[in-house]
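> Okay, so here is input.cif, and as you'll see once you scroll down, it has mmCIF, C-alpha atoms; chains and numbers go by the auth columns.
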```cif
data_data
loop_
_atom_site.group_PDB
_atom_site.id
_atom_site.type_symbol
_atom_site.label_atom_id
_atom_site.label_comp_id
_atom_site.label_asym_id
_atom_site.label_seq_id
_atom_site.Cartn_x
_atom_site.Cartn_y
_atom_site.Cartn_z
_atom_site.B_iso_or_equiv
_atom_site.auth_seq_id
_atom_site.auth_asym_id
ATOM 1 C CA MET A 1 0.000 0.000 0.000 0.00 1 T
ATOM 2 C CA ALA A 2 2.822 2.430 0.754 0.00 2 T
ATOM 3 C CA GLU A 3 4.804 2.013 -2.478 0.00 3 T
ATOM 4 C CA PRO A 4 2.760 4.254 -4.822 0.00 4 T
ATOM 5 C CA LEU A 5 2.558 6.915 -2.111 0.00 5 T
ATOM 6 C CA ILE A 6 6.322 6.772 -1.585 0.00 6 T
ATOM 7 C CA GLU A 7 6.878 7.140 -5.321 0.00 7 T
ATOM 8 C CA ARG A 8 4.604 10.190 -5.424 0.00 8 T
ATOM 9 C CA LEU A 9 6.356 11.647 -2.407 0.00 9 T
ATOM 10 C CA LEU A 10 9.793 11.275 -3.956 0.00 10 T
ATOM 11 C CA ASP A 11 8.679 12.502 -7.381 0.00 11 T
ATOM 12 C CA ARG A 12 6.962 15.611 -6.042 0.00 12 T
ATOM 13 C CA TYR A 13 8.990 16.598 -3.003 0.00 13 T
ATOM 14 C CA GLY A 14 12.143 14.453 -3.036 0.00 14 T
ATOM 15 C CA GLU A 15 14.700 17.155 -3.828 0.00 15 T
ATOM 16 C CA THR A 16 17.051 17.571 -0.887 0.00 16 T
ATOM 17 C CA HIS A 17 18.208 20.987 0.293 0.00 17 T
ATOM 18 C CA ALA A 18 21.714 20.079 -0.841 0.00 18 T
ATOM 19 C CA GLN A 19 20.492 19.327 -4.365 0.00 19 T
ATOM 20 C CA GLU A 20 18.491 22.556 -4.415 0.00 20 T
ATOM 21 C CA ALA A 21 21.607 24.490 -3.369 0.00 21 T
ATOM 22 C CA GLY A 22 23.626 22.938 -6.183 0.00 22 T
ATOM 23 C CA ILE A 23 25.755 20.782 -3.877 0.00 23 T
ATOM 24 C CA ARG A 24 26.869 17.535 -5.512 0.00 24 T
ATOM 25 C CA LEU A 25 27.051 15.717 -2.229 0.00 25 T
ATOM 26 C CA ARG A 26 29.888 13.218 -1.941 0.00 26 T
ATOM 27 C CA ASP A 27 32.008 11.957 0.942 0.00 27 T
ATOM 28 C CA THR A 28 34.787 14.424 0.194 0.00 28 T
ATOM 29 C CA PRO A 29 35.835 17.600 2.030 0.00 29 T
ATOM 30 C CA ALA A 30 34.400 20.347 -0.179 0.00 30 T
ATOM 31 C CA PRO A 31 30.804 19.043 -0.586 0.00 31 T
ATOM 32 C CA LEU A 32 30.594 18.133 3.100 0.00 32 T
ATOM 33 C CA TYR A 33 31.715 21.640 4.020 0.00 33 T
ATOM 34 C CA GLN A 34 29.160 23.138 1.639 0.00 34 T
ATOM 35 C CA LEU A 35 26.482 21.099 3.392 0.00 35 T
ATOM 36 C CA LEU A 36 27.662 22.485 6.735 0.00 36 T
ATOM 37 C CA VAL A 37 27.380 26.023 5.329 0.00 37 T
ATOM 38 C CA LEU A 38 23.852 25.298 4.152 0.00 38 T
ATOM 39 C CA CYS A 39 22.916 23.941 7.584 0.00 39 T
ATOM 40 C CA LEU A 40 24.293 27.077 9.236 0.00 40 T
ATOM 41 C CA LEU A 41 22.201 29.240 6.916 0.00 41 T
ATOM 42 C CA CYS A 42 19.084 27.188 7.715 0.00 42 T
ATOM 43 C CA SER A 43 19.632 27.599 11.445 0.00 43 T
ATOM 44 C CA THR A 44 18.088 31.069 11.719 0.00 44 T
ATOM 45 C CA ARG A 45 14.430 32.021 11.590 0.00 45 T
ATOM 46 C CA ILE A 46 14.445 32.480 7.856 0.00 46 T
ATOM 47 C CA ARG A 47 12.692 30.724 4.993 0.00 47 T
ATOM 48 C CA ALA A 48 14.407 27.648 3.630 0.00 48 T
ATOM 49 C CA ASP A 49 14.327 28.978 0.069 0.00 49 T
ATOM 50 C CA ILE A 50 16.210 32.109 1.136 0.00 50 T
ATOM 51 C CA ALA A 51 18.782 30.005 2.999 0.00 51 T
ATOM 52 C CA VAL A 52 19.278 27.886 -0.123 0.00 52 T
ATOM 53 C CA ALA A 53 19.605 31.009 -2.282 0.00 53 T
ATOM 54 C CA ALA A 54 22.196 32.385 0.143 0.00 54 T
ATOM 55 C CA ALA A 55 24.213 29.183 -0.111 0.00 55 T
ATOM 56 C CA ARG A 56 24.146 29.405 -3.894 0.00 56 T
ATOM 57 C CA GLU A 57 25.352 33.017 -3.764 0.00 57 T
ATOM 58 C CA LEU A 58 28.231 32.151 -1.440 0.00 58 T
ATOM 59 C CA PHE A 59 29.283 29.253 -3.648 0.00 59 T
ATOM 60 C CA ALA A 60 28.970 31.386 -6.797 0.00 60 T
ATOM 61 C CA ALA A 61 31.323 33.882 -5.130 0.00 61 T
ATOM 62 C CA GLY A 62 33.901 31.103 -4.876 0.00 62 T
ATOM 63 C CA LEU A 63 33.405 30.390 -1.173 0.00 63 T
ATOM 64 C CA ARG A 64 33.201 26.619 -1.492 0.00 64 T
ATOM 65 C CA THR A 65 35.916 25.495 0.923 0.00 65 T
ATOM 66 C CA PRO A 66 36.737 26.484 4.513 0.00 66 T
ATOM 67 C CA ARG A 67 39.966 28.076 3.320 0.00 67 T
ATOM 68 C CA ASP A 68 38.148 30.243 0.786 0.00 68 T
ATOM 69 C CA MET A 69 35.490 31.180 3.330 0.00 69 T
ATOM 70 C CA ALA A 70 38.055 32.137 5.964 0.00 70 T
ATOM 71 C CA ARG A 71 40.095 34.170 3.491 0.00 71 T
ATOM 72 C CA ALA A 72 37.081 36.129 2.237 0.00 72 T
ATOM 73 C CA SER A 73 36.442 39.435 3.933 0.00 73 T
ATOM 74 C CA TRP A 74 33.545 39.852 6.303 0.00 74 T
ATOM 75 C CA GLN A 75 31.998 42.329 3.857 0.00 75 T
ATOM 76 C CA GLU A 76 32.325 39.938 0.915 0.00 76 T
ATOM 77 C CA ARG A 77 30.307 37.376 2.836 0.00 77 T
ATOM 78 C CA VAL A 78 27.723 39.988 3.858 0.00 78 T
ATOM 79 C CA ASP A 79 27.382 41.106 0.242 0.00 79 T
ATOM 80 C CA ALA A 80 26.784 37.546 -0.971 0.00 80 T
ATOM 81 C CA LEU A 81 24.130 37.018 1.686 0.00 81 T
ATOM 82 C CA GLY A 82 22.510 40.326 0.767 0.00 82 T
ATOM 83 C CA ARG A 83 22.222 39.316 -2.881 0.00 83 T
ATOM 84 C CA ALA A 84 20.054 36.412 -1.712 0.00 84 T
ATOM 85 C CA HIS A 85 17.961 38.744 0.481 0.00 85 T
ATOM 86 C CA TYR A 86 19.286 36.971 3.562 0.00 86 T
ATOM 87 C CA ARG A 87 18.548 40.024 5.691 0.00 87 T
ATOM 88 C CA ARG A 88 18.443 40.711 9.448 0.00 88 T
ATOM 89 C CA TYR A 89 20.957 37.928 10.087 0.00 89 T
ATOM 90 C CA ASP A 90 23.499 38.772 7.398 0.00 90 T
ATOM 91 C CA GLU A 91 26.125 40.394 9.617 0.00 91 T
ATOM 92 C CA SER A 92 26.047 37.830 12.421 0.00 92 T
ATOM 93 C CA THR A 93 25.937 35.022 9.865 0.00 93 T
ATOM 94 C CA SER A 94 28.994 36.400 8.071 0.00 94 T
ATOM 95 C CA THR A 95 30.848 36.304 11.371 0.00 95 T
ATOM 96 C CA ALA A 96 29.658 32.751 12.093 0.00 96 T
ATOM 97 C CA LEU A 97 30.725 31.590 8.629 0.00 97 T
ATOM 98 C CA GLY A 98 34.207 32.984 9.108 0.00 98 T
ATOM 99 C CA GLU A 99 34.628 31.580 12.611 0.00 99 T
ATOM 100 C CA GLY A 100 33.237 28.203 11.593 0.00 100 T
ATOM 101 C CA ALA A 101 35.622 27.955 8.640 0.00 101 T
ATOM 102 C CA GLU A 102 38.558 28.744 10.901 0.00 102 T
ATOM 103 C CA LEU A 103 37.427 26.152 13.462 0.00 103 T
ATOM 104 C CA LEU A 104 37.055 23.489 10.789 0.00 104 T
ATOM 105 C CA GLY A 105 40.508 24.247 9.452 0.00 105 T
ATOM 106 C CA GLU A 106 42.208 24.290 12.830 0.00 106 T
ATOM 107 C CA ARG A 107 40.525 21.286 14.407 0.00 107 T
ATOM 108 C CA TYR A 108 39.815 18.990 11.459 0.00 108 T
ATOM 109 C CA GLY A 109 42.181 20.186 8.760 0.00 109 T
ATOM 110 C CA GLY A 110 39.183 21.380 6.759 0.00 110 T
ATOM 111 C CA ASP A 111 37.795 17.851 6.476 0.00 111 T
ATOM 112 C CA LEU A 112 34.530 16.873 8.193 0.00 112 T
ATOM 113 C CA ARG A 113 35.404 13.229 7.704 0.00 113 T
ATOM 114 C CA ARG A 114 37.788 13.734 10.608 0.00 114 T
ATOM 115 C CA LEU A 115 34.823 14.846 12.704 0.00 115 T
ATOM 116 C CA ARG A 116 33.117 11.618 11.697 0.00 116 T
ATOM 117 C CA LYS A 117 36.162 9.638 12.753 0.00 117 T
ATOM 118 C CA GLU A 118 36.322 11.444 16.091 0.00 118 T
ATOM 119 C CA ALA A 119 32.661 10.574 16.693 0.00 119 T
ATOM 120 C CA GLY A 120 33.545 6.893 16.391 0.00 120 T
ATOM 121 C CA GLY A 121 30.349 5.824 14.663 0.00 121 T
ATOM 122 C CA ASP A 122 28.084 7.414 17.317 0.00 122 T
ATOM 123 C CA PRO A 123 25.393 9.585 15.686 0.00 123 T
ATOM 124 C CA ARG A 124 24.780 11.445 18.937 0.00 124 T
ATOM 125 C CA ARG A 125 28.444 12.359 19.080 0.00 125 T
ATOM 126 C CA VAL A 126 28.312 13.521 15.451 0.00 126 T
ATOM 127 C CA ARG A 127 25.520 15.905 16.418 0.00 127 T
ATOM 128 C CA GLU A 128 27.414 17.093 19.490 0.00 128 T
ATOM 129 C CA LEU A 129 30.517 17.863 17.453 0.00 129 T
ATOM 130 C CA LEU A 130 28.511 19.626 14.761 0.00 130 T
ATOM 131 C CA ARG A 131 26.956 21.860 17.403 0.00 131 T
ATOM 132 C CA GLU A 132 30.393 23.119 18.368 0.00 132 T
ATOM 133 C CA PHE A 133 30.403 25.139 15.153 0.00 133 T
ATOM 134 C CA PRO A 134 29.022 28.683 15.466 0.00 134 T
ATOM 135 C CA ARG A 135 25.292 28.966 14.809 0.00 135 T
ATOM 136 C CA ILE A 136 24.796 25.191 14.378 0.00 136 T
ATOM 137 C CA GLY A 137 22.167 24.155 16.902 0.00 137 T
ATOM 138 C CA PRO A 138 19.855 21.137 17.100 0.00 138 T
ATOM 139 C CA VAL A 139 18.023 22.118 13.912 0.00 139 T
ATOM 140 C CA GLY A 140 21.224 22.574 11.904 0.00 140 T
ATOM 141 C CA ALA A 141 22.676 19.321 13.204 0.00 141 T
ATOM 142 C CA ASP A 142 19.462 17.478 12.320 0.00 142 T
ATOM 143 C CA ILE A 143 19.514 18.871 8.792 0.00 143 T
ATOM 144 C CA PHE A 144 23.139 17.820 8.326 0.00 144 T
ATOM 145 C CA CYS A 145 22.426 14.288 9.527 0.00 145 T
ATOM 146 C CA ARG A 146 19.253 14.061 7.452 0.00 146 T
ATOM 147 C CA GLU A 147 21.110 15.054 4.286 0.00 147 T
ATOM 148 C CA ALA A 148 24.335 13.129 4.993 0.00 148 T
ATOM 149 C CA GLN A 149 22.750 9.823 6.027 0.00 149 T
ATOM 150 C CA GLY A 150 23.055 8.566 2.469 0.00 150 T
ATOM 151 C CA LEU A 151 26.842 8.866 2.813 0.00 151 T
ATOM 152 C CA TRP A 152 27.378 8.037 6.480 0.00 152 T
ATOM 153 C CA PRO A 153 25.367 4.891 7.326 0.00 153 T
ATOM 154 C CA GLU A 154 25.814 5.363 11.081 0.00 154 T
ATOM 155 C CA LEU A 155 23.487 8.382 10.875 0.00 155 T
ATOM 156 C CA ARG A 156 20.610 6.232 9.638 0.00 156 T
ATOM 157 C CA PRO A 157 17.761 6.556 10.157 0.00 157 T
ATOM 158 C CA ALA A 158 17.612 10.364 10.436 0.00 158 T
ATOM 159 C CA PHE A 159 13.982 11.528 10.402 0.00 159 T
ATOM 160 C CA ASP A 160 13.291 14.563 12.552 0.00 160 T
ATOM 161 C CA ARG A 161 10.024 15.400 14.287 0.00 161 T
ATOM 162 C CA ARG A 162 8.525 17.233 11.309 0.00 162 T
ATOM 163 C CA ALA A 163 9.242 14.303 8.987 0.00 163 T
ATOM 164 C CA ARG A 164 7.692 11.803 11.401 0.00 164 T
ATOM 165 C CA GLU A 165 4.618 13.982 11.888 0.00 165 T
ATOM 166 C CA ALA A 166 4.107 14.253 8.130 0.00 166 T
ATOM 167 C CA ALA A 167 4.500 10.488 7.796 0.00 167 T
ATOM 168 C CA GLY A 168 1.763 9.936 10.352 0.00 168 T
ATOM 169 C CA LEU A 169 -0.581 12.332 8.558 0.00 169 T
ATOM 170 C CA LEU A 170 -0.011 10.396 5.345 0.00 170 T
ATOM 171 C CA GLY A 171 -0.736 7.075 7.012 0.00 171 T
ATOM 172 C CA LEU A 172 2.901 5.999 6.901 0.00 172 T
ATOM 173 C CA PRO A 173 4.855 4.611 9.859 0.00 173 T
ATOM 174 C CA ARG A 174 5.734 7.208 12.491 0.00 174 T
ATOM 175 C CA THR A 175 9.003 5.719 13.703 0.00 175 T
ATOM 176 C CA ALA A 176 12.355 6.411 12.082 0.00 176 T
ATOM 177 C CA GLY A 177 13.200 2.718 11.919 0.00 177 T
ATOM 178 C CA GLU A 178 10.014 1.789 10.087 0.00 178 T
ATOM 179 C CA LEU A 179 10.355 4.721 7.676 0.00 179 T
ATOM 180 C CA ALA A 180 13.889 3.619 6.872 0.00 180 T
ATOM 181 C CA GLY A 181 12.514 0.274 5.705 0.00 181 T
ATOM 182 C CA LEU A 182 10.470 1.895 2.957 0.00 182 T
ATOM 183 C CA VAL A 183 13.400 2.846 0.668 0.00 183 T
ATOM 184 C CA GLU A 184 16.996 1.910 -0.029 0.00 184 T
ATOM 185 C CA GLY A 185 19.667 3.532 2.118 0.00 185 T
ATOM 186 C CA ALA A 186 20.790 5.919 -0.604 0.00 186 T
ATOM 187 C CA GLU A 187 17.208 7.230 -0.908 0.00 187 T
ATOM 188 C CA LEU A 188 16.782 8.026 2.790 0.00 188 T
ATOM 189 C CA PRO A 189 17.812 11.700 2.420 0.00 189 T
ATOM 190 C CA ARG A 190 15.227 12.175 -0.324 0.00 190 T
ATOM 191 C CA LEU A 191 12.463 10.516 1.676 0.00 191 T
ATOM 192 C CA ALA A 192 13.270 12.580 4.770 0.00 192 T
ATOM 193 C CA ALA A 193 13.369 15.774 2.698 0.00 193 T
ATOM 194 C CA ALA A 194 10.097 14.867 0.955 0.00 194 T
ATOM 195 C CA LEU A 195 8.321 14.384 4.266 0.00 195 T
ATOM 196 C CA VAL A 196 9.596 17.711 5.615 0.00 196 T
ATOM 197 C CA ARG A 197 8.533 19.495 2.431 0.00 197 T
ATOM 198 C CA THR A 198 5.127 17.831 2.605 0.00 198 T
ATOM 199 C CA LYS A 199 4.751 19.088 6.156 0.00 199 T
ATOM 200 C CA SER A 200 5.560 22.590 4.926 0.00 200 T
ATOM 201 C CA ALA A 201 3.036 22.248 2.098 0.00 201 T
ATOM 202 C CA GLY A 202 0.248 22.078 4.673 0.00 202 T
ATOM 203 C CA LYS A 203 -3.091 20.303 4.573 0.00 203 T
ATOM 204 C CA ASP A 204 -3.649 20.868 0.862 0.00 204 T
ATOM 205 C CA GLY A 205 -0.352 19.212 -0.048 0.00 205 T
ATOM 206 C CA LEU A 206 -1.067 16.256 2.200 0.00 206 T
ATOM 207 C CA ARG A 207 -4.595 15.841 0.849 0.00 207 T
ATOM 208 C CA GLN A 208 -3.431 15.992 -2.774 0.00 208 T
ATOM 209 C CA LEU A 209 -0.810 13.328 -2.181 0.00 209 T
ATOM 210 C CA ARG A 210 -3.389 11.005 -0.671 0.00 210 T
ATOM 211 C CA GLU A 211 -6.038 11.719 -3.310 0.00 211 T
ATOM 212 C CA ASP A 212 -3.667 11.197 -6.226 0.00 212 T
ATOM 213 C CA GLY A 213 -3.499 7.555 -5.212 0.00 213 T
#
```
Rewrite the coordinates I just gave you, this time as C-alpha cells.

Amino acid sequence: MAEPLIERLLDRYGETHAQEAGIRLRDTPAPLYQLLVLCLLCSTRIRADIAVAAARELFAAGLRTPRDMARASWQERVDALGRAHYRRYDESTSTALGEGAELLGERYGGDLRRLRKEAGGDPRRVRELLREFPRIGPVGADIFCREAQGLWPELRPAFDRRAREAAGLLGLPRTAGELAGLVEGAELPRLAAALVRTKSAGKDGLRQLREDG
C-alpha cells in the first residue's frame, strides 16, 4: 500500500536541500563543508528557500571550501548574503561563517570526515561535534544528519520530528526505523526531505498526495 505513495512523495517533493543548493554531495571535504554552510544558513528564523539562495550566492562567489570562506572578507560574505535577500541575520551570519571555517581548518584540517572519525560511529556524538560550530544548533545538526545519512550509514535513520509527523498524517509509519525500511539507504535523504517538504506544504499538499493515489 505504501509504495505508490512513496513514489509520489519522492517525485513531487524528493529534492534535498543540498540538491536545491547545487551541492553535488559526496564523501569528500568540499561538498561536506558546503552542506555544513547550508545547515548554518538554515539555522536562523528564515525561509528555507532564502537560505538555499544564500548558499548558492556564497558558492557562486567562490566560497566553497573552509579556506576560501576564511580568506574572504567579512563584507564579501555579507554582500553575498545580501544578494540572496538573507537580511536581518546577514552580519552575524557572516561572522559565524568565518569563525566556523577557521574552526574546521584548525581542528579537522578542513575535512569533516575527521569529525566523523572522532565521533567513532556514534550519531549522537556527530551531532554534538557539529553543534560546536558557530550557529549550528539542534536544527542545523538534524539537517546535516538528514542530508548526509546517504553517505554516512551510522546516521541512519535520520527523520526529525517534522518528517515523522508528516508520515503519520499520510498514514505511513511514524518511527524512524520503520520509515527507513520503505526505501533503499541511498534514498533516505530524499524521503526525509520529501516528508519535511510535505509538512511545509500544509493540509492541501497532504490531501493531494493522498487523493492522487
> If I take atom CA of Leu179 of chain T and atom CA of Ala163 of chain T, how far is one from the other in Å, to one decimal?
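According to the coordinates, atom CA of Leu179 of chain T and atom CA of Ala163 of chain T are separated by 9.7 Å.
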> Which residues come within 10 Å of Asp160 of chain T, counting all atoms listed in the file, excluding same-chain residues fewer than 3 positions away, as a list in words?
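Once the adjacent positions are removed, what remains is Val139, Asp142, Ile143, Cys145, Arg146, Pro157, Ala163, Arg164, Glu165, Thr175, Ala176, Ala192, Ala193, Leu195 and Val196 of chain T.
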> I need the residue set behind the PyMOL selection byres ((chain T and resi 10) around 10) for this file; please write it as a list in words.
Pro4, Leu5, Ile6, Glu7, Arg8, Leu9, Asp11, Arg12, Tyr13, Gly14, Glu15, Glu187, Arg190, Leu191, Ala192, Ala193, Ala194 and Leu195 of chain T
> Selected by the PyMOL selection byres ((chain T and resi 186) around 12) in the shown coordinates: which residues, as a PyMOL selection string?
chain T and resi 25-26+146-153+156-157+180-185+187-192
> Just the number, please: distance in Å from atom CA of Glu128 of chain T to atom CA of Ile46 of chain T, one decimal.
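For atom CA of Glu128 of chain T relative to atom CA of Ile46 of chain T, the distance reads 23.2 Å.
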> Skip Ile50 of chain T itself and residues of its chain fewer than 5 positions away, then list as a list in words all residues within 9 Å of it, counting all atoms listed in the file.
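With the cut-off at 9 Å, the set is Leu41, Cys42, Ala55, Ala84, His85 and Tyr86 of chain T.
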> With the PyMOL selection byres ((chain T and resi 124) around 12) as the selection, what would be picked from this file? Answer as a list of chain:residue names, please.
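Given this file, the PyMOL selection byres ((chain T and resi 124) around 12) evaluates to T:Arg116, T:Glu118, T:Ala119, T:Gly120, T:Gly121, T:Asp122, T:Pro123, T:Arg125, T:Val126, T:Arg127, T:Glu128, T:Leu129, T:Leu130, T:Arg131, T:Pro138, T:Ala141, T:Asp142, T:Cys145, T:Glu154, T:Leu155, T:Arg156, T:Ala158.
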> When distances are computed from all atoms listed in the file, which of T:Ile136, T:Leu58, T:Gly98, T:Pro66 shows the smallest separation from Leu81 of chain T?
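Under the stated criterion, the closest residue is T:Leu58.
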> How many Å lie between atom CA of Asp68 of chain T and atom CA of Arg113 of chain T, rounded to one decimal?
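About the pair atom CA of Asp68 of chain T and atom CA of Arg113 of chain T: they are 18.6 Å apart.
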> May I ask which of the residues T:Arg174, T:Ala166, T:Val37, T:Thr16 is the closest one to Leu112 of chain T, counting all atoms listed in the file?
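Among the listed residues, T:Val37 lies closest to Leu112 of chain T.
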> May I have the centre and edge lengths, in Å to one decimal, of an axis-aligned box around the listed atoms of segment 148-162 of chain T with 4 Å added to every side, as lines of an AutoDock Vina configuration file?

```
center_x = 18.0
center_y = 11.1
center_z = 8.4
size_x = 26.9
size_y = 20.3
size_z = 19.8
```
> List as a compact mmCIF listing (two decimals) with C-alpha atoms, in the coordinates of the input: which residues have an atom within 12 Å of (33.6, 29.5, -2.4), counting all atoms listed in the file?

```
# COMPACT_ATOMS: atom_id res chain seq x y z
CA ILE T 23 25.76 20.78 -3.88
CA ALA T 30 34.40 20.35 -0.18
CA PRO T 31 30.80 19.04 -0.59
CA TYR T 33 31.72 21.64 4.02
CA GLN T 34 29.16 23.14 1.64
CA VAL T 37 27.38 26.02 5.33
CA ALA T 55 24.21 29.18 -0.11
CA ARG T 56 24.15 29.40 -3.89
CA GLU T 57 25.35 33.02 -3.76
CA LEU T 58 28.23 32.15 -1.44
CA PHE T 59 29.28 29.25 -3.65
CA ALA T 60 28.97 31.39 -6.80
CA ALA T 61 31.32 33.88 -5.13
CA GLY T 62 33.90 31.10 -4.88
CA LEU T 63 33.40 30.39 -1.17
CA ARG T 64 33.20 26.62 -1.49
CA THR T 65 35.92 25.50 0.92
CA PRO T 66 36.74 26.48 4.51
CA ARG T 67 39.97 28.08 3.32
CA ASP T 68 38.15 30.24 0.79
CA MET T 69 35.49 31.18 3.33
CA ALA T 70 38.06 32.14 5.96
CA ARG T 71 40.10 34.17 3.49
CA ALA T 72 37.08 36.13 2.24
CA GLU T 76 32.33 39.94 0.92
CA ARG T 77 30.31 37.38 2.84
CA ALA T 80 26.78 37.55 -0.97
CA LEU T 97 30.72 31.59 8.63
CA ALA T 101 35.62 27.96 8.64
```
> Between T:Trp74, T:Arg47, T:Leu32, T:Gly177, which has the minimum distance to Leu115 of chain T (counting only C-alpha atoms)?
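Among the listed residues, the smallest separation from Leu115 of chain T belongs to T:Leu32.
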> Pick out the closest residue to Thr28 of chain T from this set: T:Ala167, T:Val52, T:Phe144, T:Asp111. Count only C-alpha atoms.
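Checking each candidate against Thr28 of chain T, we get T:Asp111 as the closest.
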